[in-house]
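Asker: Take a look at this one; I'll ask things after.
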Amino acid sequence: VAAIEDGQILMDVEFPPLAADLMDDPNTSAGDMAGANTRLAIKYAQGIHTRTGKKVAILYPDVPELERAVEQSGSNNPQPGVSLHSLRASIAEAETPQQAFFALFGKGKEMVREVPDADVYVGLTFSAQELPDVEELDTREASKKPIILFNLKLDTQRGDLGLPAFPPKDLQWRFLSRAKAVYFLRTRQYTLSLPEPPFVVNYQGAIFRQYPGPFQCLLDTGKAFRPVSTSARRPALGEFKETITMALKIGAKSPSNEGKNRKFFRTGVKAITWWEEDKEGLEEHTEWRE
(Lines give C-alpha, C1' and ligand atoms only; values in the text may rest on other atoms or scores of the structure.)
Protein backbone atom coordinates (compact mmCIF):
# COMPACT_ATOMS: atom_id res chain seq x y z
CA VAL A 1 0.00 0.00 0.00
CA ALA A 2 2.87 2.38 0.81
CA ALA A 3 4.32 1.79 -2.66
CA ILE A 4 0.96 2.53 -4.32
CA GLU A 5 0.60 5.71 -2.29
CA ASP A 6 4.12 6.71 -3.35
CA GLY A 7 3.07 6.46 -6.99
CA GLN A 8 4.80 3.20 -7.94
CA ILE A 9 3.30 1.71 -11.12
CA LEU A 10 4.85 -1.71 -11.76
CA MET A 11 5.47 -3.77 -8.61
CA ASP A 12 6.67 -7.26 -7.74
CA VAL A 13 5.28 -9.21 -4.77
CA GLU A 14 6.78 -12.61 -4.07
CA PHE A 15 6.67 -15.01 -1.14
CA PRO A 16 6.01 -18.75 -0.66
CA PRO A 17 2.23 -19.31 -1.03
CA LEU A 18 2.29 -22.54 1.00
CA ALA A 19 4.11 -23.85 4.04
CA ALA A 20 7.69 -25.06 3.41
CA ASP A 21 6.80 -28.76 3.76
CA LEU A 22 4.02 -28.41 1.17
CA MET A 23 6.25 -26.43 -1.20
CA ASP A 24 8.77 -29.30 -1.13
CA ASP A 25 6.13 -32.03 -1.36
CA PRO A 26 6.13 -33.64 -4.84
CA ASN A 27 2.40 -34.29 -4.44
CA THR A 28 1.71 -30.53 -4.39
CA SER A 29 0.36 -29.77 -7.86
CA ALA A 30 0.36 -26.61 -9.96
CA GLY A 31 -3.38 -26.42 -9.25
CA ASP A 32 -2.70 -26.42 -5.50
CA MET A 33 -0.23 -23.57 -5.97
CA ALA A 34 -2.62 -21.59 -8.17
CA GLY A 35 -5.46 -22.07 -5.68
CA ALA A 36 -3.28 -20.89 -2.78
CA ASN A 37 -2.16 -17.87 -4.79
CA THR A 38 -5.77 -16.99 -5.63
CA ARG A 39 -6.78 -17.08 -1.96
CA LEU A 40 -3.78 -14.97 -0.96
CA ALA A 41 -4.30 -12.51 -3.82
CA ILE A 42 -7.93 -11.98 -2.79
CA LYS A 43 -6.87 -11.22 0.79
CA TYR A 44 -4.12 -8.95 -0.50
CA ALA A 45 -6.52 -7.11 -2.81
CA GLN A 46 -9.08 -6.81 -0.01
CA GLY A 47 -6.42 -5.16 2.15
CA ILE A 48 -5.65 -2.63 -0.59
CA HIS A 49 -9.34 -1.80 -1.01
CA THR A 50 -9.93 -1.50 2.73
CA ARG A 51 -6.99 0.87 3.27
CA THR A 52 -7.24 2.98 0.10
CA GLY A 53 -10.80 2.56 -1.21
CA LYS A 54 -9.39 1.61 -4.62
CA LYS A 55 -11.08 -1.09 -6.69
CA VAL A 56 -8.77 -4.01 -7.41
CA ALA A 57 -9.00 -6.27 -10.47
CA ILE A 58 -7.21 -9.62 -10.14
CA LEU A 59 -6.14 -10.63 -13.64
CA TYR A 60 -5.58 -14.12 -15.03
CA PRO A 61 -3.89 -14.79 -18.38
CA ASP A 62 -6.92 -16.35 -20.09
CA VAL A 63 -10.52 -17.45 -19.65
CA PRO A 64 -9.80 -21.07 -18.55
CA GLU A 65 -7.56 -19.79 -15.74
CA LEU A 66 -10.26 -17.31 -14.73
CA GLU A 67 -12.95 -19.98 -14.70
CA ARG A 68 -10.80 -22.19 -12.46
CA ALA A 69 -10.24 -19.29 -10.06
CA VAL A 70 -13.96 -18.42 -9.98
CA GLU A 71 -14.77 -22.05 -9.21
CA GLN A 72 -12.27 -22.01 -6.32
CA SER A 73 -13.35 -18.66 -4.89
CA GLY A 74 -17.07 -19.06 -5.59
CA SER A 75 -17.61 -15.73 -7.37
CA ASN A 76 -16.22 -13.19 -9.82
CA ASN A 77 -16.53 -10.69 -6.96
CA PRO A 78 -15.20 -12.58 -3.92
CA GLN A 79 -14.90 -9.46 -1.72
CA PRO A 80 -16.18 -5.86 -1.83
CA GLY A 81 -14.00 -3.86 -4.20
CA VAL A 82 -12.28 -7.02 -5.53
CA SER A 83 -13.12 -8.67 -8.87
CA LEU A 84 -11.63 -11.47 -11.00
CA HIS A 85 -11.01 -11.04 -14.73
CA SER A 86 -9.24 -12.56 -17.71
CA LEU A 87 -6.69 -10.22 -19.29
CA ARG A 88 -7.15 -11.95 -22.63
CA ALA A 89 -10.63 -12.10 -24.16
CA SER A 90 -12.13 -15.41 -25.28
CA ILE A 91 -12.23 -16.51 -28.90
CA ALA A 92 -15.98 -15.79 -28.91
CA GLU A 93 -15.19 -12.10 -28.44
CA ALA A 94 -12.90 -11.90 -31.46
CA GLU A 95 -14.00 -9.18 -33.86
CA THR A 96 -12.22 -10.52 -36.95
CA PRO A 97 -11.13 -13.96 -38.23
CA GLN A 98 -7.53 -12.85 -37.73
CA GLN A 99 -8.16 -12.10 -34.05
CA ALA A 100 -9.85 -15.48 -33.64
CA PHE A 101 -6.87 -17.24 -35.23
CA PHE A 102 -4.34 -15.53 -32.97
CA ALA A 103 -6.58 -15.99 -29.91
CA LEU A 104 -6.61 -19.72 -30.56
CA PHE A 105 -2.86 -19.74 -29.85
CA GLY A 106 -2.94 -17.12 -27.11
CA LYS A 107 -1.43 -14.48 -29.40
CA GLY A 108 -2.45 -11.08 -30.65
CA LYS A 109 -2.36 -7.89 -28.60
CA GLU A 110 -5.83 -6.95 -29.83
CA MET A 111 -7.35 -9.57 -27.52
CA VAL A 112 -5.95 -7.92 -24.37
CA ARG A 113 -8.76 -6.27 -22.41
CA GLU A 114 -8.58 -3.54 -19.76
CA VAL A 115 -10.93 -3.34 -16.77
CA PRO A 116 -12.26 0.25 -17.00
CA ASP A 117 -13.56 0.59 -13.44
CA ALA A 118 -10.44 -0.91 -11.79
CA ASP A 119 -7.96 1.34 -9.97
CA VAL A 120 -5.31 -1.33 -9.35
CA TYR A 121 -4.40 -4.53 -11.20
CA VAL A 122 -3.01 -7.69 -9.59
CA GLY A 123 -1.54 -10.15 -12.13
CA LEU A 124 -1.67 -13.82 -11.20
CA THR A 125 -0.39 -17.09 -12.77
CA PHE A 126 1.18 -15.43 -15.83
CA SER A 127 3.90 -17.48 -17.53
CA ALA A 128 6.88 -16.00 -19.38
CA GLN A 129 5.03 -16.40 -22.69
CA GLU A 130 2.11 -14.40 -21.29
CA LEU A 131 4.07 -11.51 -19.77
CA PRO A 132 3.95 -9.51 -23.06
CA ASP A 133 0.17 -9.24 -22.50
CA VAL A 134 0.84 -7.54 -19.17
CA GLU A 135 3.25 -5.18 -20.92
CA GLU A 136 0.53 -4.41 -23.48
CA LEU A 137 -1.89 -3.57 -20.65
CA ASP A 138 0.70 -1.28 -19.10
CA THR A 139 1.26 0.44 -22.45
CA ARG A 140 -2.45 1.04 -23.00
CA GLU A 141 -3.27 2.46 -19.60
CA ALA A 142 -2.67 6.18 -20.16
CA SER A 143 -3.69 6.81 -16.54
CA LYS A 144 -0.91 4.45 -15.44
CA LYS A 145 -2.87 2.32 -13.03
CA PRO A 146 -0.65 0.33 -10.63
CA ILE A 147 0.09 -3.22 -11.78
CA ILE A 148 1.22 -5.73 -9.15
CA LEU A 149 2.93 -8.90 -10.40
CA PHE A 150 1.86 -11.36 -7.70
CA ASN A 151 4.00 -14.44 -7.04
CA LEU A 152 5.06 -14.84 -10.68
CA LYS A 153 8.60 -16.04 -9.79
CA LEU A 154 10.10 -13.43 -12.07
CA ASP A 155 13.68 -14.60 -11.47
CA THR A 156 12.79 -18.00 -12.92
CA GLN A 157 10.87 -16.41 -15.78
CA ARG A 158 13.74 -14.06 -16.61
CA GLY A 159 15.95 -17.12 -17.06
CA ASP A 160 13.61 -18.41 -19.79
CA LEU A 161 13.69 -15.23 -21.86
CA GLY A 162 15.54 -15.61 -25.13
CA LEU A 163 14.96 -19.37 -25.36
CA PRO A 164 13.01 -20.87 -28.29
CA ALA A 165 9.24 -20.18 -28.02
CA PHE A 166 9.84 -17.60 -25.26
CA PRO A 167 9.85 -13.80 -25.48
CA PRO A 168 13.22 -12.16 -26.26
CA LYS A 169 15.54 -10.92 -23.54
CA ASP A 170 14.65 -7.29 -24.20
CA LEU A 171 11.39 -7.90 -22.31
CA GLN A 172 13.60 -7.73 -19.21
CA TRP A 173 15.48 -4.64 -20.37
CA ARG A 174 12.45 -2.50 -21.26
CA PHE A 175 9.64 -3.86 -19.03
CA LEU A 176 10.55 -6.24 -16.19
CA SER A 177 13.42 -3.97 -15.16
CA ARG A 178 10.69 -1.55 -13.99
CA ALA A 179 9.15 -4.05 -11.55
CA LYS A 180 10.05 -2.78 -8.07
CA ALA A 181 10.15 -5.44 -5.37
CA VAL A 182 7.74 -4.04 -2.77
CA TYR A 183 7.39 -7.26 -0.78
CA PHE A 184 9.96 -9.93 -1.55
CA LEU A 185 10.78 -13.15 0.32
CA ARG A 186 12.73 -15.62 -1.77
CA THR A 187 14.24 -18.67 -0.03
CA ARG A 188 17.20 -20.57 -1.48
CA GLN A 189 18.73 -23.89 -0.44
CA TYR A 190 22.40 -24.81 -0.87
CA THR A 191 24.90 -27.56 -0.07
CA LEU A 192 28.50 -27.01 1.04
CA SER A 193 31.15 -29.74 0.73
CA LEU A 194 33.93 -29.91 3.34
CA PRO A 195 37.21 -31.90 3.39
CA GLU A 196 36.48 -33.27 6.88
CA PRO A 197 33.41 -34.10 9.02
CA PRO A 198 30.60 -33.33 8.65
CA PHE A 199 31.72 -33.36 4.93
CA VAL A 200 28.37 -32.04 3.68
CA VAL A 201 26.42 -29.12 5.13
CA ASN A 202 22.92 -28.28 3.92
CA TYR A 203 21.84 -24.72 4.62
CA GLN A 204 19.36 -22.16 3.40
CA GLY A 205 18.63 -18.48 3.53
CA ALA A 206 16.36 -15.83 2.13
CA ILE A 207 16.43 -12.48 0.42
CA PHE A 208 13.86 -10.25 2.10
CA ARG A 209 12.59 -6.76 1.33
CA GLN A 210 9.54 -4.84 2.51
CA TYR A 211 9.13 -1.48 0.81
CA PRO A 212 10.55 1.07 1.50
CA GLY A 213 13.12 -0.79 3.59
CA PRO A 214 16.43 -2.24 2.34
CA PHE A 215 17.12 -5.72 0.98
CA GLN A 216 18.25 -8.17 3.65
CA CYS A 217 20.23 -11.40 3.35
CA LEU A 218 18.93 -13.81 6.00
CA LEU A 219 20.50 -17.09 7.14
CA ASP A 220 18.26 -19.86 8.47
CA THR A 221 19.71 -20.92 11.85
CA GLY A 222 17.17 -23.70 12.35
CA LYS A 223 15.09 -21.69 14.81
CA ALA A 224 14.82 -18.36 13.03
CA PHE A 225 16.25 -16.33 10.18
CA ARG A 226 19.28 -14.28 11.23
CA PRO A 227 20.03 -11.04 9.35
CA VAL A 228 23.51 -11.23 7.81
CA SER A 229 23.64 -8.08 5.68
CA THR A 230 21.49 -5.27 4.32
CA SER A 231 21.82 -3.20 1.16
CA ALA A 232 19.93 -0.53 -0.71
CA ARG A 233 20.31 -2.50 -3.94
CA ARG A 234 19.08 -6.01 -4.56
CA PRO A 235 21.94 -8.53 -4.25
CA ALA A 236 22.65 -10.83 -7.17
CA LEU A 237 21.86 -14.48 -6.47
CA GLY A 238 25.54 -15.41 -6.50
CA GLU A 239 26.33 -12.54 -4.15
CA PHE A 240 23.53 -13.62 -1.82
CA LYS A 241 24.79 -17.21 -1.76
CA GLU A 242 28.32 -16.06 -0.95
CA THR A 243 27.04 -13.76 1.81
CA ILE A 244 25.15 -16.45 3.72
CA THR A 245 27.85 -19.07 3.04
CA MET A 246 30.49 -16.84 4.62
CA ALA A 247 28.19 -16.41 7.64
CA LEU A 248 28.16 -20.17 8.42
CA LYS A 249 29.70 -21.13 11.77
CA ILE A 250 31.19 -24.62 11.39
CA GLY A 251 34.56 -24.41 13.11
CA ALA A 252 38.00 -24.15 11.51
CA LYS A 253 36.70 -25.24 8.09
CA SER A 254 34.16 -22.41 7.91
CA PRO A 255 34.13 -20.70 4.50
CA SER A 256 35.38 -17.51 6.14
CA ASN A 257 38.67 -19.32 6.87
CA GLU A 258 39.22 -20.87 3.43
CA GLY A 259 42.03 -19.96 1.04
CA LYS A 260 41.75 -18.57 -2.48
CA ASN A 261 42.12 -21.94 -4.22
CA ARG A 262 39.40 -23.62 -2.18
CA LYS A 263 37.11 -20.62 -2.71
CA PHE A 264 37.65 -20.81 -6.48
CA PHE A 265 36.66 -24.48 -6.62
CA ARG A 266 33.61 -23.72 -4.47
CA THR A 267 32.31 -20.69 -6.36
CA GLY A 268 33.55 -21.30 -9.91
CA VAL A 269 34.41 -18.65 -12.47
CA LYS A 270 31.05 -16.87 -12.75
CA ALA A 271 28.19 -16.53 -10.27
CA ILE A 272 25.89 -13.97 -11.87
CA THR A 273 22.99 -14.24 -14.33
CA TRP A 274 22.75 -12.34 -17.62
CA TRP A 275 19.97 -10.07 -16.37
CA GLU A 276 21.86 -9.23 -13.19
CA GLU A 277 25.08 -8.51 -15.06
CA ASP A 278 23.65 -6.50 -17.99
CA LYS A 279 26.98 -6.92 -19.76
CA GLU A 280 26.03 -4.84 -22.80
CA GLY A 281 24.32 -2.03 -20.88
CA LEU A 282 20.87 -2.68 -22.40
CA GLU A 283 18.86 -2.19 -19.21
CA GLU A 284 16.48 0.76 -19.57
CA HIS A 285 15.34 0.95 -15.95
CA THR A 286 16.83 0.13 -12.53
CA GLU A 287 13.70 -0.03 -10.35
CA TRP A 288 13.91 -3.84 -10.04
CA ARG A 289 17.32 -3.46 -8.37
CA GLU A 290 16.27 -0.70 -5.95
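We name chains A, B, ... following the order of the C-alpha coordinates; residues begin at 1 in each chain, and ligands are numbered from 1 as shown.
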So that I can see what lies close to Ala57 of chain A, please list as a list in words the residues with an atom at most 9 Å from it, counting only C-alpha atoms and leaving out residues fewer than 6 positions away in the same chain.

Answerer: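 Non-adjacent residues within range: Ala45, Gly81, Val82, Ser83, Leu84, His85, Val115, Asp117, Ala118, Asp119, Val120, Tyr121, Val122 and Gly123 of chain A.
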
Asker: Tyr183 of chain A: which residues within 9 Å, counting only C-alpha atoms, same-chain residues fewer than 2 positions away excluded, as a VMD selection string?

Answerer: chain A and resid 11 to 15 180 to 181 185 208 to 211

Asker: Using the selection just defined, write its residues with all heavy atoms as a CSV table (one decimal), in the first residue's frame.

Answerer:
chain,number,residue,atom,x,y,z
A,11,MET,N,4.9,-3.2,-9.9
A,11,MET,CA,5.5,-3.8,-8.6
A,11,MET,C,5.5,-5.3,-8.6
A,11,MET,O,4.7,-5.9,-9.3
A,11,MET,CB,4.6,-3.3,-7.4
A,11,MET,CG,4.7,-1.8,-7.2
A,11,MET,SD,3.3,-1.1,-6.2
A,11,MET,CE,2.1,-0.9,-7.5
A,12,ASP,N,6.5,-5.8,-7.9
A,12,ASP,CA,6.7,-7.3,-7.7
A,12,ASP,C,6.4,-7.7,-6.3
A,12,ASP,O,7.1,-7.1,-5.4
A,12,ASP,CB,8.1,-7.6,-8.2
A,12,ASP,CG,8.4,-9.1,-8.1
A,12,ASP,OD1,7.5,-9.9,-8.0
A,12,ASP,OD2,9.6,-9.4,-8.0
A,13,VAL,N,5.5,-8.6,-6.1
A,13,VAL,CA,5.3,-9.2,-4.8
A,13,VAL,C,5.6,-10.7,-4.9
A,13,VAL,O,5.0,-11.4,-5.7
A,13,VAL,CB,3.8,-9.0,-4.3
A,13,VAL,CG1,3.5,-9.8,-3.1
A,13,VAL,CG2,3.6,-7.5,-4.1
A,14,GLU,N,6.4,-11.2,-4.0
A,14,GLU,CA,6.8,-12.6,-4.1
A,14,GLU,C,7.1,-13.2,-2.7
A,14,GLU,O,7.8,-12.6,-1.9
A,14,GLU,CB,8.0,-12.9,-5.0
A,14,GLU,CG,8.3,-14.3,-5.1
A,14,GLU,CD,9.4,-14.6,-6.1
A,14,GLU,OE1,9.6,-13.8,-7.1
A,14,GLU,OE2,10.1,-15.7,-6.0
A,15,PHE,N,6.4,-14.3,-2.4
A,15,PHE,CA,6.7,-15.0,-1.1
A,15,PHE,C,6.1,-16.4,-1.3
A,15,PHE,O,5.3,-16.6,-2.2
A,15,PHE,CB,6.0,-14.3,0.0
A,15,PHE,CG,4.5,-14.1,-0.1
A,15,PHE,CD1,3.6,-15.1,0.4
A,15,PHE,CD2,4.0,-13.0,-0.8
A,15,PHE,CE1,2.2,-14.9,0.2
A,15,PHE,CE2,2.6,-12.9,-1.0
A,15,PHE,CZ,1.7,-13.8,-0.4
A,180,LYS,N,9.4,-3.0,-9.4
A,180,LYS,CA,10.0,-2.8,-8.1
A,180,LYS,C,9.6,-3.8,-7.1
A,180,LYS,O,8.4,-4.1,-6.9
A,180,LYS,CB,9.7,-1.4,-7.6
A,180,LYS,CG,10.4,-1.1,-6.2
A,180,LYS,CD,10.1,0.3,-5.7
A,180,LYS,CE,10.9,1.3,-6.5
A,180,LYS,NZ,12.3,1.3,-6.2
A,181,ALA,N,10.5,-4.5,-6.4
A,181,ALA,CA,10.1,-5.4,-5.4
A,181,ALA,C,9.6,-4.7,-4.1
A,181,ALA,O,10.4,-4.1,-3.4
A,181,ALA,CB,11.4,-6.3,-5.0
A,185,LEU,N,10.2,-12.1,-0.6
A,185,LEU,CA,10.8,-13.1,0.3
A,185,LEU,C,11.1,-14.4,-0.5
A,185,LEU,O,10.2,-15.1,-0.9
A,185,LEU,CB,9.8,-13.5,1.5
A,185,LEU,CG,10.3,-14.6,2.4
A,185,LEU,CD1,11.6,-14.2,3.1
A,185,LEU,CD2,9.3,-14.9,3.4
A,208,PHE,N,15.1,-10.8,1.6
A,208,PHE,CA,13.9,-10.2,2.1
A,208,PHE,C,13.9,-8.7,1.9
A,208,PHE,O,14.9,-8.1,2.1
A,208,PHE,CB,13.6,-10.6,3.6
A,208,PHE,CG,12.4,-9.9,4.2
A,208,PHE,CD1,11.2,-10.3,3.8
A,208,PHE,CD2,12.5,-8.8,5.0
A,208,PHE,CE1,10.0,-9.7,4.3
A,208,PHE,CE2,11.4,-8.2,5.6
A,208,PHE,CZ,10.2,-8.6,5.2
A,209,ARG,N,12.7,-8.2,1.4
A,209,ARG,CA,12.6,-6.8,1.3
A,209,ARG,C,11.1,-6.4,1.5
A,209,ARG,O,10.2,-7.0,0.9
A,209,ARG,CB,13.1,-6.3,-0.1
A,209,ARG,CG,13.3,-4.8,-0.2
A,209,ARG,CD,12.1,-4.0,-0.6
A,209,ARG,NE,12.4,-2.6,-0.5
A,209,ARG,CZ,12.7,-1.8,-1.6
A,209,ARG,NH1,12.6,-2.4,-2.8
A,209,ARG,NH2,12.9,-0.6,-1.5
A,210,GLN,N,10.9,-5.4,2.4
A,210,GLN,CA,9.5,-4.8,2.5
A,210,GLN,C,9.7,-3.3,2.3
A,210,GLN,O,10.4,-2.6,3.0
A,210,GLN,CB,9.0,-5.1,3.9
A,210,GLN,CG,7.5,-4.6,4.1
A,210,GLN,CD,6.9,-5.0,5.4
A,210,GLN,OE1,7.5,-5.7,6.2
A,210,GLN,NE2,5.7,-4.5,5.7
A,211,TYR,N,9.0,-2.9,1.2
A,211,TYR,CA,9.1,-1.5,0.8
A,211,TYR,C,8.7,-0.6,1.9
A,211,TYR,O,7.7,-0.9,2.6
A,211,TYR,CB,8.3,-1.3,-0.4
A,211,TYR,CG,8.2,0.2,-0.9
A,211,TYR,CD1,9.2,0.6,-1.9
A,211,TYR,CD2,7.3,1.1,-0.5
A,211,TYR,CE1,9.1,1.9,-2.4
A,211,TYR,CE2,7.3,2.4,-0.9
A,211,TYR,CZ,8.2,2.8,-1.9
A,211,TYR,OH,8.2,4.1,-2.4

Asker: Compare A:Val56, A:Leu10, A:Ala36, A:Ala247 by their minimum atom-to-atom distance to Leu22 of chain A, counting only C-alpha atoms, and give me the closest one.

Answerer: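 Among the listed residues, the smallest separation from Leu22 of chain A belongs to A:Ala36.
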
Asker: Considering only helix (DSSP H, G or I) as DSSP defines it on the backbone, what residues of segment 99-178 of chain A qualify? List them as a PyMOL selection string.

Answerer: chain A and resi 99-104+109-111+128-140+154-160+170-174+176-178

Asker: Of the candidates A:Leu282, A:Leu87, A:Ala34, A:Val182, which shows the shortest atom-to-atom distance to Ala69 of chain A, using only C-alpha atoms?

Answerer: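 Under the stated criterion, the closest residue is A:Ala34.
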
Asker: Could I get the residues of segment 205-232 of chain A with an atom no further than 7 Å from an atom of segment 186-198 of chain A, each paired with its nearest atom pair and that distance in Å to one decimal, using only C-alpha atoms, sorted by chain and residue number, as a Markdown table?

Answerer:
| residue | atom | partner | partner_atom | distance |
| --- | --- | --- | --- | --- |
| A:Gly205 | CA | A:Arg188 | CA | 5.6 |
| A:Ala206 | CA | A:Thr187 | CA | 4.2 |
| A:Ile207 | CA | A:Arg186 | CA | 5.3 |
| A:Phe208 | CA | A:Arg186 | CA | 6.7 |

Asker: Record the distance separating atom CA of Glu277 of chain A and atom CA of Pro167 of chain A, expressed in Å with one decimal.

Answerer: 19.2 Å

Asker: What's around Thr243 of chain A at 10 Å? Count only C-alpha atoms, leave out sequence neighbours fewer than 3 positions away in its own chain, and write the answer as a PyMOL selection string.

Answerer: chain A and resi 205+217-219+228-229+235+237-240+246-248

Asker: Tell me, as an NGL selection string, which residues lie within 6 Å of Phe126 of chain A, counting only C-alpha atoms; anything in the same chain fewer than 2 positions away does not count.

Answerer: :A and (61 or 124 or 130)

Asker: Atoms to include: N, CA, C and O atoms. Write the selected residues as an mmCIF file, in the first residue's frame.

Answerer:
data_model
loop_
_atom_site.group_PDB
_atom_site.id
_atom_site.type_symbol
_atom_site.label_atom_id
_atom_site.label_comp_id
_atom_site.auth_asym_id
_atom_site.auth_seq_id
_atom_site.Cartn_x
_atom_site.Cartn_y
_atom_site.Cartn_z
ATOM 1 N N PRO A 61 -4.325 -14.910 -16.986
ATOM 2 C CA PRO A 61 -3.892 -14.786 -18.379
ATOM 3 C C PRO A 61 -4.953 -15.103 -19.421
ATOM 4 O O PRO A 61 -4.922 -14.553 -20.516
ATOM 5 N N LEU A 124 -1.853 -12.520 -11.857
ATOM 6 C CA LEU A 124 -1.671 -13.817 -11.198
ATOM 7 C C LEU A 124 -1.505 -14.920 -12.247
ATOM 8 O O LEU A 124 -2.183 -14.906 -13.279
ATOM 9 N N GLU A 130 3.275 -15.277 -21.437
ATOM 10 C CA GLU A 130 2.108 -14.398 -21.293
ATOM 11 C C GLU A 130 2.445 -13.015 -20.743
ATOM 12 O O GLU A 130 1.592 -12.135 -20.733
#

Asker: Excluding same-chain residues fewer than 2 positions from Thr38 of chain A, what lies within 10 Å of it counting only C-alpha atoms, as a list in words?

Answerer: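 My list of contacting residues is Pro17, Asp32, Met33, Ala34, Gly35, Ala36, Leu40, Ala41, Ile42, Lys43, Tyr44, Ile58, Tyr60, Arg68, Ala69, Val70, Gln72, Ser73, Leu84, Leu124, Thr125 and Phe150 of chain A.
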
Asker: Please report, as a PyMOL selection string, each residue of segment 57-260 of chain A to which DSSP assigns strand (DSSP E) when run on this structure's backbone.

Answerer: chain A and resi 57-60+82-86+120-124+147-150+180-193+200-210+215-220+225-231

Asker: Given only C-alpha atoms as the basis, pick out the residue of A:Glu283, A:Lys54, A:Lys109, A:Glu290 nearest to Lys145 of chain A.

Answerer: A:Lys54

Asker: Considering only C-alpha atoms, state which residue in the set A:Phe175, A:Ile148, A:Ala224, A:Gly159 is at the smallest distance from Glu276 of chain A.

Answerer: A:Gly159

Asker: Quick one: pull the distance between atom CA of Leu154 of chain A and atom CA of Phe184 of chain A, Å, one decimal.

Answerer: 11.1 Å

Asker: By how many Å are atom CA of Gln157 of chain A and atom CA of Gln129 of chain A apart?

Answerer: 9.1 Å

Asker: Find, counting only C-alpha atoms, the residue in A:Arg88, A:Asp133, A:Gln204, A:Thr156 that gets nearest to Arg113 of chain A.

Answerer: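 Looking only at the distances to Arg113 of chain A, the closest residue turns out to be A:Arg88.
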